[in-house]
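The file structure02.txt contains compact mmCIF, C-alpha atoms:
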```
# COMPACT_ATOMS: atom_id res chain seq x y z
CA MET V 1 -22.81 -27.66 4.93
CA ARG V 2 -20.16 -27.93 1.99
CA LEU V 3 -18.03 -29.68 -0.45
CA LYS V 4 -15.69 -29.41 -3.28
CA ALA V 5 -14.53 -30.93 -6.57
CA THR V 6 -11.15 -32.77 -6.55
CA GLY V 7 -10.02 -30.96 -3.40
CA ARG V 8 -13.74 -30.98 -2.99
CA VAL V 9 -14.18 -34.60 -2.05
CA LYS V 10 -11.21 -34.48 0.27
CA VAL V 11 -11.86 -31.36 2.30
CA ALA V 12 -15.53 -30.89 1.82
CA ALA V 13 -16.41 -34.39 2.77
CA ALA V 14 -15.70 -33.60 6.39
CA LEU V 15 -16.92 -30.09 6.13
CA VAL V 16 -20.24 -30.59 4.48
CA ALA V 17 -21.57 -33.21 6.77
CA ALA V 18 -20.95 -30.96 9.70
CA THR V 19 -22.35 -27.87 8.12
CA ALA V 20 -25.29 -29.22 6.24
CA LEU V 21 -27.86 -29.12 8.91
CA ALA V 22 -26.99 -32.58 9.98
CA ALA V 23 -26.18 -31.63 13.51
CA ALA V 24 -25.56 -34.35 16.04
CA GLY V 25 -28.08 -33.68 18.76
CA LEU V 26 -28.46 -29.92 18.80
CA GLY V 27 -31.51 -29.00 20.86
CA ALA V 28 -33.56 -25.97 19.87
CA CYS V 29 -34.44 -23.42 22.49
CA SER V 30 -37.82 -23.08 24.05
CA GLY V 31 -39.59 -19.79 24.41
CA GLY V 32 -39.73 -17.63 27.49
CA GLU V 33 -38.30 -14.29 28.47
CA ARG V 34 -35.17 -13.36 26.56
CA LYS V 35 -32.36 -11.59 28.32
CA PRO V 36 -29.41 -9.90 26.63
CA ALA V 37 -26.33 -12.09 26.80
CA GLY V 38 -23.67 -9.53 26.08
CA VAL V 39 -22.65 -5.94 25.66
CA ALA V 40 -22.06 -5.48 21.93
CA LYS V 41 -24.36 -3.04 20.14
CA VAL V 42 -25.44 -2.46 16.57
CA ALA V 43 -22.69 -0.47 14.87
CA SER V 44 -23.59 2.87 13.33
CA THR V 45 -20.17 3.72 11.94
CA LEU V 46 -17.07 1.79 10.95
CA GLY V 47 -13.87 2.79 12.71
CA PRO V 48 -10.26 1.61 12.43
CA GLY V 49 -9.59 -2.08 12.94
CA GLU V 50 -8.65 -3.27 16.40
CA GLY V 51 -5.88 -5.52 15.07
CA MET V 52 -7.52 -8.80 16.09
CA LEU V 53 -10.50 -10.93 15.11
CA ASN V 54 -11.72 -14.09 16.84
CA LEU V 55 -13.86 -16.36 14.66
CA LEU V 56 -15.69 -19.63 15.25
CA THR V 57 -16.35 -22.03 12.36
CA LEU V 58 -16.91 -25.60 11.28
CA PRO V 59 -14.18 -27.34 9.23
CA GLY V 60 -13.46 -25.84 5.83
CA SER V 61 -15.42 -22.61 6.27
CA VAL V 62 -12.27 -20.49 6.56
CA GLU V 63 -8.99 -21.43 4.89
CA SER V 64 -5.57 -19.89 5.52
CA GLY V 65 -3.40 -22.10 3.33
CA THR V 66 -2.75 -24.73 5.99
CA THR V 67 -4.93 -27.36 4.32
CA ASP V 68 -3.77 -26.45 0.82
CA PRO V 69 -1.28 -23.60 0.22
CA ARG V 70 -3.27 -22.59 -2.85
CA VAL V 71 -6.42 -22.04 -0.82
CA ASP V 72 -6.10 -18.98 1.37
CA TRP V 73 -8.46 -16.07 1.82
CA VAL V 74 -7.23 -15.28 5.34
CA THR V 75 -3.66 -14.07 4.68
CA PRO V 76 -4.68 -11.40 2.12
CA PHE V 77 -7.33 -10.14 4.53
CA GLN V 78 -4.82 -9.85 7.38
CA GLU V 79 -2.32 -8.05 5.15
CA ARG V 80 -4.92 -5.61 3.88
CA THR V 81 -6.65 -4.81 7.17
CA GLY V 82 -4.10 -5.51 9.90
CA CYS V 83 -6.72 -7.66 11.64
CA LYS V 84 -5.03 -10.87 12.78
CA ILE V 85 -7.45 -13.78 12.78
CA GLY V 86 -7.73 -16.18 15.70
CA LEU V 87 -9.71 -19.15 14.42
CA LYS V 88 -11.48 -21.79 16.50
CA VAL V 89 -12.67 -24.77 14.43
CA VAL V 90 -15.24 -27.07 16.01
CA LYS V 91 -16.47 -30.47 14.89
CA THR V 92 -20.21 -30.10 15.35
CA PRO V 93 -22.87 -27.39 15.26
CA GLU V 94 -23.77 -28.30 18.84
CA GLU V 95 -20.26 -27.47 20.02
CA MET V 96 -20.43 -24.24 18.04
CA ALA V 97 -23.66 -23.14 19.67
CA ASP V 98 -22.41 -24.06 23.14
CA LEU V 99 -19.23 -22.00 22.73
CA MET V 100 -21.14 -18.99 21.45
CA SER V 101 -23.44 -19.26 24.48
CA ASP V 102 -20.57 -19.49 26.96
CA LYS V 103 -20.43 -16.19 28.85
CA ASP V 104 -16.70 -16.64 29.39
CA ARG V 105 -16.07 -16.70 25.61
CA ARG V 106 -15.98 -13.60 23.43
CA TYR V 107 -16.04 -14.60 19.78
CA ASP V 108 -16.46 -11.73 17.35
CA GLY V 109 -18.13 -13.79 14.67
CA VAL V 110 -19.44 -17.21 13.77
CA ALA V 111 -20.16 -18.92 10.45
CA ALA V 112 -23.47 -20.42 11.54
CA PRO V 113 -25.57 -23.09 9.82
CA PRO V 114 -29.34 -22.65 10.22
CA GLU V 115 -29.82 -24.75 13.34
CA VAL V 116 -27.07 -22.82 15.12
CA ALA V 117 -28.34 -19.46 13.89
CA GLY V 118 -31.80 -20.25 15.24
CA ARG V 119 -30.48 -21.14 18.68
CA LEU V 120 -28.25 -18.05 18.87
CA LEU V 121 -31.15 -15.81 17.94
CA GLU V 122 -33.43 -17.43 20.51
CA GLU V 123 -30.81 -17.01 23.23
CA ASN V 124 -29.87 -13.48 22.17
CA GLN V 125 -26.25 -14.54 21.64
CA VAL V 126 -25.81 -12.43 18.49
CA VAL V 127 -26.46 -8.79 17.72
CA PRO V 128 -28.08 -7.19 14.68
CA ILE V 129 -25.83 -6.22 11.80
CA ASN V 130 -25.88 -2.84 10.09
CA PRO V 131 -25.93 -3.81 6.38
CA ASP V 132 -25.06 -0.24 5.39
CA LEU V 133 -21.56 -0.93 6.73
CA VAL V 134 -21.09 -3.99 4.52
CA ASP V 135 -20.06 -3.12 0.98
CA GLY V 136 -21.72 -5.48 -1.45
CA TYR V 137 -24.55 -6.49 0.89
CA LYS V 138 -27.18 -5.56 -1.67
CA LYS V 139 -25.42 -7.74 -4.24
CA LEU V 140 -26.18 -10.87 -2.19
CA GLU V 141 -29.21 -12.96 -3.14
CA PRO V 142 -32.33 -11.15 -1.84
CA LYS V 143 -34.07 -14.35 -0.72
CA LEU V 144 -31.03 -15.38 1.30
CA ARG V 145 -30.82 -11.97 2.96
CA LYS V 146 -34.46 -12.14 4.05
CA LEU V 147 -33.88 -15.45 5.80
CA LEU V 148 -31.71 -13.64 8.32
CA GLU V 149 -34.09 -10.80 9.12
CA ARG V 150 -36.13 -10.56 12.34
CA ASP V 151 -38.45 -7.69 13.15
CA GLY V 152 -36.85 -5.51 10.51
CA LYS V 153 -33.32 -6.16 11.76
CA HIS V 154 -30.54 -8.08 10.01
CA TYR V 155 -28.80 -10.78 12.01
CA GLY V 156 -26.50 -12.37 9.47
CA ILE V 157 -24.66 -11.99 6.20
CA PRO V 158 -25.28 -14.95 3.83
CA TYR V 159 -22.06 -16.83 3.08
CA VAL V 160 -22.92 -19.97 1.08
CA TRP V 161 -26.02 -22.04 0.40
CA GLY V 162 -27.11 -25.43 -0.89
CA SER V 163 -30.15 -27.62 -1.53
CA ASN V 164 -31.29 -31.20 -0.96
CA LEU V 165 -32.27 -32.95 -4.18
CA LEU V 166 -33.60 -36.27 -5.36
CA MET V 167 -30.72 -37.94 -7.24
CA TYR V 168 -31.12 -40.99 -9.47
CA ASP V 169 -29.14 -43.23 -11.81
CA THR V 170 -30.65 -42.67 -15.26
CA ARG V 171 -29.86 -46.25 -16.32
CA ALA V 172 -31.85 -47.83 -13.51
CA VAL V 173 -34.54 -45.35 -12.46
CA PRO V 174 -37.12 -43.51 -14.59
CA PRO V 175 -37.09 -39.74 -13.89
CA PRO V 176 -38.80 -39.36 -10.48
CA ALA V 177 -41.25 -36.51 -10.11
CA SER V 178 -42.02 -36.71 -6.41
CA TRP V 179 -40.52 -37.50 -3.02
CA ALA V 180 -42.85 -40.48 -3.19
CA ALA V 181 -40.08 -42.25 -5.11
CA LEU V 182 -38.23 -42.38 -1.78
CA PHE V 183 -41.04 -42.48 0.78
CA ASP V 184 -43.91 -44.43 -0.76
CA PRO V 185 -43.16 -48.07 0.19
CA ALA V 186 -44.71 -49.36 -3.05
CA GLN V 187 -42.21 -47.28 -5.03
CA ALA V 188 -39.22 -47.54 -2.70
CA ARG V 189 -39.25 -51.35 -2.64
CA ARG V 190 -38.44 -51.38 -6.36
CA TYR V 191 -34.95 -50.21 -5.44
CA SER V 192 -34.65 -52.02 -2.13
CA GLY V 193 -31.14 -51.83 -0.72
CA LYS V 194 -30.07 -49.25 -3.28
CA ILE V 195 -31.60 -46.16 -1.73
CA ILE V 196 -29.53 -43.67 0.26
CA MET V 197 -30.63 -40.99 2.70
CA ARG V 198 -28.87 -38.22 4.63
CA ASP V 199 -28.14 -39.36 8.16
CA SER V 200 -29.63 -36.32 9.84
CA PRO V 201 -32.70 -35.59 11.93
CA LEU V 202 -33.37 -32.68 9.61
CA ALA V 203 -33.99 -35.15 6.78
CA ILE V 204 -37.37 -35.47 8.49
CA ALA V 205 -38.25 -32.30 6.59
CA GLU V 206 -38.22 -34.20 3.29
CA ALA V 207 -40.64 -36.77 4.71
CA ALA V 208 -42.79 -33.86 5.87
CA LEU V 209 -42.78 -32.41 2.36
CA TYR V 210 -43.99 -35.75 1.04
CA LEU V 211 -46.76 -35.85 3.64
CA ARG V 212 -47.77 -32.26 2.94
CA GLY V 213 -49.00 -33.37 -0.46
CA LYS V 214 -50.14 -36.89 0.40
CA GLU V 215 -51.85 -36.39 3.76
CA ARG V 216 -53.46 -32.97 3.52
CA LYS V 217 -55.46 -33.57 6.68
CA LEU V 218 -52.21 -33.19 8.61
CA LYS V 219 -52.16 -29.54 7.49
CA ILE V 220 -48.37 -29.33 7.19
CA ARG V 221 -47.32 -25.90 5.98
CA ASP V 222 -43.70 -25.56 7.04
CA PRO V 223 -41.70 -28.84 6.96
CA TYR V 224 -39.40 -27.46 9.68
CA SER V 225 -42.26 -26.53 12.04
CA LEU V 226 -44.09 -29.74 12.93
CA THR V 227 -46.61 -30.42 15.66
CA PRO V 228 -46.19 -33.62 17.68
CA ALA V 229 -48.78 -35.34 15.46
CA GLN V 230 -47.09 -34.18 12.27
CA LEU V 231 -43.67 -35.23 13.52
CA ALA V 232 -45.00 -38.65 14.50
CA ALA V 233 -46.50 -39.07 11.03
CA ALA V 234 -43.15 -38.20 9.41
CA GLY V 235 -41.47 -40.70 11.72
CA ARG V 236 -43.84 -43.44 10.56
CA VAL V 237 -42.98 -42.66 6.94
CA LEU V 238 -39.27 -43.03 7.70
CA ALA V 239 -39.81 -46.25 9.63
CA LYS V 240 -41.68 -47.76 6.67
CA GLN V 241 -38.91 -46.61 4.34
CA ARG V 242 -36.11 -48.03 6.46
CA PRO V 243 -36.15 -51.65 5.10
CA TYR V 244 -35.38 -50.32 1.62
CA VAL V 245 -32.54 -47.96 2.57
CA GLY V 246 -29.11 -49.35 1.87
CA GLU V 247 -27.19 -46.53 3.51
CA TYR V 248 -27.72 -43.42 5.59
CA TRP V 249 -24.83 -41.20 4.54
CA ASP V 250 -22.99 -38.81 6.80
CA LEU V 251 -20.23 -37.46 4.55
CA PRO V 252 -21.11 -36.32 1.01
CA ALA V 253 -18.21 -38.40 -0.28
CA ASP V 254 -20.09 -41.46 0.99
CA ALA V 255 -23.05 -40.62 -1.23
CA VAL V 256 -20.73 -40.19 -4.20
CA SER V 257 -19.08 -43.52 -3.48
CA ALA V 258 -22.42 -45.32 -3.21
CA PHE V 259 -23.55 -44.17 -6.64
CA ALA V 260 -20.13 -44.55 -8.25
CA GLY V 261 -19.83 -48.12 -6.97
CA GLY V 262 -23.33 -49.14 -8.01
CA ARG V 263 -24.53 -49.61 -4.42
CA ALA V 264 -27.15 -46.89 -4.88
CA VAL V 265 -29.43 -45.83 -7.72
CA LEU V 266 -31.79 -43.43 -5.92
CA GLY V 267 -31.51 -41.13 -2.95
CA GLU V 268 -31.27 -37.77 -1.28
CA ALA V 269 -28.25 -35.75 -2.36
CA TRP V 270 -26.82 -32.29 -2.98
CA PRO V 271 -25.86 -30.50 -6.20
CA TYR V 272 -22.29 -31.31 -5.19
CA ASN V 273 -22.92 -35.04 -5.48
CA VAL V 274 -24.53 -34.61 -8.88
CA ASP V 275 -21.71 -32.37 -10.08
CA VAL V 276 -18.90 -34.66 -8.96
CA LEU V 277 -20.52 -37.75 -10.47
CA ASN V 278 -21.29 -35.97 -13.73
CA ARG V 279 -17.68 -34.83 -13.96
CA ALA V 280 -16.72 -38.49 -13.62
CA ALA V 281 -19.11 -39.34 -16.49
CA ARG V 282 -21.56 -41.13 -14.21
CA PRO V 283 -25.16 -41.13 -15.53
CA VAL V 284 -26.94 -39.42 -12.65
CA GLN V 285 -29.35 -36.53 -12.46
CA GLY V 286 -30.67 -34.42 -9.62
CA VAL V 287 -34.22 -33.07 -9.59
CA VAL V 288 -36.40 -30.83 -7.46
CA PRO V 289 -39.49 -32.95 -6.74
CA SER V 290 -42.97 -31.59 -7.39
CA GLU V 291 -43.44 -30.92 -3.66
CA GLY V 292 -40.32 -28.73 -3.63
CA ALA V 293 -36.89 -29.20 -2.07
CA THR V 294 -35.27 -28.09 1.14
CA GLY V 295 -32.07 -26.11 1.47
CA TRP V 296 -29.76 -24.34 3.88
CA VAL V 297 -27.76 -21.14 4.25
CA ASP V 298 -24.62 -20.59 6.29
CA ALA V 299 -24.25 -17.01 7.49
CA TRP V 300 -21.76 -14.86 9.33
CA MET V 301 -23.16 -13.49 12.57
CA ILE V 302 -21.69 -11.08 15.12
CA GLY V 303 -21.38 -12.37 18.67
CA ALA V 304 -23.13 -10.60 21.52
CA ARG V 305 -19.80 -10.21 23.34
CA ALA V 306 -17.73 -9.19 20.32
CA GLN V 307 -14.55 -7.28 21.21
CA HIS V 308 -13.39 -6.35 17.71
CA PRO V 309 -16.47 -5.08 15.82
CA ASN V 310 -14.56 -3.00 13.28
CA CYS V 311 -12.41 -5.93 12.21
CA MET V 312 -15.55 -8.07 12.11
CA TYR V 313 -17.27 -5.66 9.73
CA GLN V 314 -14.18 -5.66 7.53
CA TRP V 315 -14.38 -9.46 7.53
CA LEU V 316 -18.05 -9.33 6.54
CA GLN V 317 -17.17 -7.08 3.61
CA TRP V 318 -14.26 -9.33 2.64
CA THR V 319 -16.23 -12.57 2.66
CA ALA V 320 -19.14 -11.03 0.74
CA SER V 321 -16.88 -9.86 -2.09
CA PRO V 322 -17.09 -11.71 -5.43
CA ASP V 323 -13.43 -12.77 -5.42
CA VAL V 324 -13.57 -14.33 -1.96
CA GLN V 325 -16.96 -15.87 -2.68
CA GLN V 326 -15.40 -17.51 -5.73
CA GLN V 327 -12.63 -19.04 -3.62
CA VAL V 328 -15.01 -20.27 -0.93
CA SER V 329 -17.35 -21.85 -3.46
CA GLU V 330 -14.61 -23.60 -5.40
CA TRP V 331 -13.14 -25.01 -2.22
CA THR V 332 -16.33 -26.03 -0.46
CA GLY V 333 -18.40 -26.97 -3.50
CA VAL V 334 -21.50 -24.99 -2.59
CA ALA V 335 -23.24 -22.02 -4.12
CA PRO V 336 -21.93 -18.52 -3.32
CA ALA V 337 -24.35 -16.07 -1.74
CA ASN V 338 -23.03 -13.39 -4.11
CA PRO V 339 -23.97 -14.23 -7.73
CA GLN V 340 -21.22 -11.88 -8.93
CA ALA V 341 -18.81 -14.69 -8.09
CA CYS V 342 -19.98 -16.07 -11.44
CA SER V 343 -19.22 -12.90 -13.36
CA GLY V 344 -16.13 -12.18 -15.43
CA ASP V 345 -13.43 -14.84 -15.25
CA ARG V 346 -14.25 -16.04 -11.75
CA LEU V 347 -16.30 -19.23 -11.38
CA LYS V 348 -16.74 -21.29 -14.53
CA SER V 349 -20.15 -21.24 -16.19
CA GLY V 350 -20.47 -24.99 -15.73
CA PHE V 351 -20.02 -24.67 -11.98
CA CYS V 352 -22.52 -21.85 -11.74
CA ALA V 353 -25.11 -23.78 -13.75
CA ALA V 354 -24.61 -26.95 -11.69
CA TYR V 355 -25.10 -25.07 -8.43
CA HIS V 356 -27.91 -22.85 -9.74
CA VAL V 357 -26.13 -19.60 -8.88
CA GLY V 358 -28.33 -16.62 -9.64
CA ASP V 359 -31.24 -18.85 -10.68
CA ARG V 360 -34.15 -17.08 -9.01
CA GLY V 361 -36.67 -19.61 -10.34
CA TYR V 362 -34.72 -22.41 -8.71
CA LEU V 363 -34.35 -20.51 -5.44
CA ASP V 364 -38.10 -19.99 -5.29
CA LYS V 365 -38.56 -23.77 -5.22
CA ILE V 366 -36.29 -24.19 -2.20
CA ILE V 367 -37.66 -24.23 1.34
CA PHE V 368 -34.72 -23.08 3.42
CA ALA V 369 -34.14 -24.64 6.81
CA HIS V 370 -34.56 -23.04 10.18
CA ALA V 371 -34.14 -24.57 13.61
CA PRO V 372 -37.18 -26.61 14.70
CA SER V 373 -38.63 -24.97 17.79
CA LYS V 374 -41.51 -25.50 20.16
CA ALA V 375 -42.57 -21.96 19.33
CA CYS V 376 -43.06 -22.94 15.69
CA GLY V 377 -41.94 -20.47 13.06
CA GLY V 378 -41.56 -20.09 9.32
CA GLU V 379 -44.90 -20.48 7.52
CA SER V 380 -46.53 -22.56 10.22
CA GLU V 381 -49.84 -21.45 11.69
CA GLU V 382 -49.50 -23.88 14.57
CA LYS V 383 -48.74 -22.75 18.12
CA ASP V 384 -47.35 -25.96 19.58
CA CYS V 385 -44.48 -27.43 17.58
CA THR V 386 -41.55 -29.75 18.27
CA ASP V 387 -37.94 -28.84 18.89
CA TYR V 388 -34.73 -30.36 17.56
CA ALA V 389 -34.43 -32.71 20.52
CA ALA V 390 -37.79 -34.24 19.58
CA TRP V 391 -36.67 -34.47 15.97
CA THR V 392 -33.52 -36.28 17.05
CA ARG V 393 -35.49 -38.80 19.08
CA THR V 394 -37.87 -39.41 16.20
CA TRP V 395 -35.00 -39.86 13.75
CA ILE V 396 -33.26 -42.42 15.94
CA GLN V 397 -36.45 -44.35 16.61
CA SER V 398 -37.42 -44.38 12.93
CA THR V 399 -34.07 -45.17 11.30
CA LYS V 400 -31.84 -46.81 13.91
CA ALA V 401 -33.84 -48.40 16.73
```
Go through the file and emit its structure as structure tokens.
Amino acid sequence: MRLKATGRVKVAAALVAATALAAAGLGACSGGERKPAGVAKVASTLGPGEGMLNLLTLPGSVESGTTDPRVDWVTPFQERTGCKIGLKVVKTPEEMADLMSDKDRRYDGVAAPPEVAGRLLEENQVVPINPDLVDGYKKLEPKLRKLLERDGKHYGIPYVWGSNLLMYDTRAVPPPASWAALFDPAQARRYSGKIIMRDSPLAIAEAALYLRGKERKLKIRDPYSLTPAQLAAAGRVLAKQRPYVGEYWDLPADAVSAFAGGRAVLGEAWPYNVDVLNRAARPVQGVVPSEGATGWVDAWMIGARAQHPNCMYQWLQWTASPDVQQQVSEWTGVAPANPQACSGDRLKSGFCAAYHVGDRGYLDKIIFAHAPSKACGGESEEKDCTDYAAWTRTWIQSTKA
């Protein structure tokens, strides 16, 4: 998930769509017996660097000055630690998960979006992290840290995060209070052809949030853990909404363009979209609906077959530091996991306010994504849920068929 202002639209446009949970056809894993996939163990001490570090990321997550010579948090790391980074950049989360699951590959670390993190955990393709070996770990947002805990173990270090908001043009739309503005046909038809939605199966979660309040008999608790009946109901909501949607956006720059050009007045967006349009003096606002909003966290995880654990831990420390977090956030246009990136003369106060950095009240309203799975999860009390493959089928049938 990510983006950026000025360099933001350019680089982050490609990067965000890939990272923001909008995976193209990533299937979640089913249950069953789990078998260790590799040989790496939880580190108890930090030794000297091995001189090499192999990382796997989506576009824009790691910058070495090749995209823009002014944007580089790789070279200083290599000079300081002696760990030379080998970087593999993939186009989709599905490709990322497949490479991490390939027994012939030995990546030390991966910057995983939620749907990838969930699959890697299910398949035992990552190992727990010892947070005591990561300076600054306790400075990261507590809620984000908890998202990456399983059975008392830590499986990731939060990197960046974002949320999915309801954005509207203040000249054309009264302040919406609910997701009903998008999903209730009686309300959506008022803005027919000028509504935009994320083009992602995981946007089903917003329809599920709407249903959680409207159709209580469905008993939806976790919008990312849906039974077949709940998923079908969300699909019907999206199908009824479809005639009024002018555009399903893939790149965040597309959402900005739609509002800037007057083609859209209401839709699903990110703080990035609101920030960029506000900086351009466009009269838009982003709100968290009464039912709540969804969000996502990208995290660094250690591969099960990691060969350079000491360099990886040094990388975890480096990317969690306030100065690097500041660079990542400015480049990608998402919120840093370390609120100290907003301290001193780092990120500007306007940026931090726009992205709600350190705003615990705002974070409490966000329902952070996890990979849909047949085994359910999150806050769901159900035992039989639907996986990402089912979500993908429902999304296609509801919005494209």
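Between atom CA of Arg190 of chain V and atom CA of Pro243 of chain V the separation is 11.7 Å.
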Interface rows for segment 228-332 of chain V against segment 87-106 of chain V: nearest pair, Å to one decimal, 12 Å, only C-alpha atoms, as a Markdown table:
```
| residue | atom | partner | partner_atom | distance |
| --- | --- | --- | --- | --- |
| V:Asp298 | CA | V:Pro93 | CA | 11.4 |
| V:Met301 | CA | V:Met100 | CA | 10.6 |
| V:Ile302 | CA | V:Met100 | CA | 10.1 |
| V:Gly303 | CA | V:Met100 | CA | 7.2 |
| V:Ala304 | CA | V:Arg106 | CA | 8.0 |
| V:Arg305 | CA | V:Arg106 | CA | 5.1 |
| V:Ala306 | CA | V:Arg106 | CA | 5.7 |
| V:Gln307 | CA | V:Arg106 | CA | 6.8 |
| V:His308 | CA | V:Arg106 | CA | 9.6 |
| V:Pro309 | CA | V:Arg106 | CA | 11.4 |
```
Which residues are close to segment 359-374 of chain V, i.e. within 6 Å by all atoms listed in the file, leaving aside same-chain residues fewer than 5 positions away? Reply as an NGL selection string. :V and (28 or 30 or 114-115 or 118 or 224-225 or 292-296 or 384-388)
Requested write-out: C-alpha atoms of the selected residues, as an mmCIF file, in the coordinates of the input:
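Now in selection02.cif:
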```cif
data_model
loop_
_atom_site.group_PDB
_atom_site.id
_atom_site.type_symbol
_atom_site.label_atom_id
_atom_site.label_comp_id
_atom_site.auth_asym_id
_atom_site.auth_seq_id
_atom_site.Cartn_x
_atom_site.Cartn_y
_atom_site.Cartn_z
ATOM 1 C CA ALA V 28 -33.560 -25.970 19.870
ATOM 2 C CA SER V 30 -37.820 -23.080 24.050
ATOM 3 C CA PRO V 114 -29.340 -22.650 10.220
ATOM 4 C CA GLU V 115 -29.820 -24.750 13.340
ATOM 5 C CA GLY V 118 -31.800 -20.250 15.240
ATOM 6 C CA TYR V 224 -39.400 -27.460 9.680
ATOM 7 C CA SER V 225 -42.260 -26.530 12.040
ATOM 8 C CA GLY V 292 -40.320 -28.730 -3.630
ATOM 9 C CA ALA V 293 -36.890 -29.200 -2.070
ATOM 10 C CA THR V 294 -35.270 -28.090 1.140
ATOM 11 C CA GLY V 295 -32.070 -26.110 1.470
ATOM 12 C CA TRP V 296 -29.760 -24.340 3.880
ATOM 13 C CA ASP V 384 -47.350 -25.960 19.580
ATOM 14 C CA CYS V 385 -44.480 -27.430 17.580
ATOM 15 C CA THR V 386 -41.550 -29.750 18.270
ATOM 16 C CA ASP V 387 -37.940 -28.840 18.890
ATOM 17 C CA TYR V 388 -34.730 -30.360 17.560
#
```
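Taking atom CA of Asp199 of chain V and atom CA of Asp169 of chain V as endpoints, the distance between them is 20.4 Å.
We find atom CA of Ala239 of chain V and atom CA of Thr399 of chain V to be spaced 6.1 Å apart.
Distances from V:Leu277, V:Ala354, V:Ile196, V:Ile157 to Asp250 of chain V were compared using all atoms listed in the file, and the smallest one belongs to V:Ile196.
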Nearby residues (only C-alpha atoms) at most 7 Å from Thr170 of chain V, same-chain spacing under 2 positions excluded, as a PyMOL selection string: chain V and resi 168+172-174+283-285
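Proximity to Arg212 of chain V at 9 Å, evaluated using only C-alpha atoms and with sequence-adjacent residues fewer than 5 positions away removed, yields Ala207, Lys217, Leu218, Lys219, Ile220, Arg221, Asp222, Pro223 and Glu291 of chain V.
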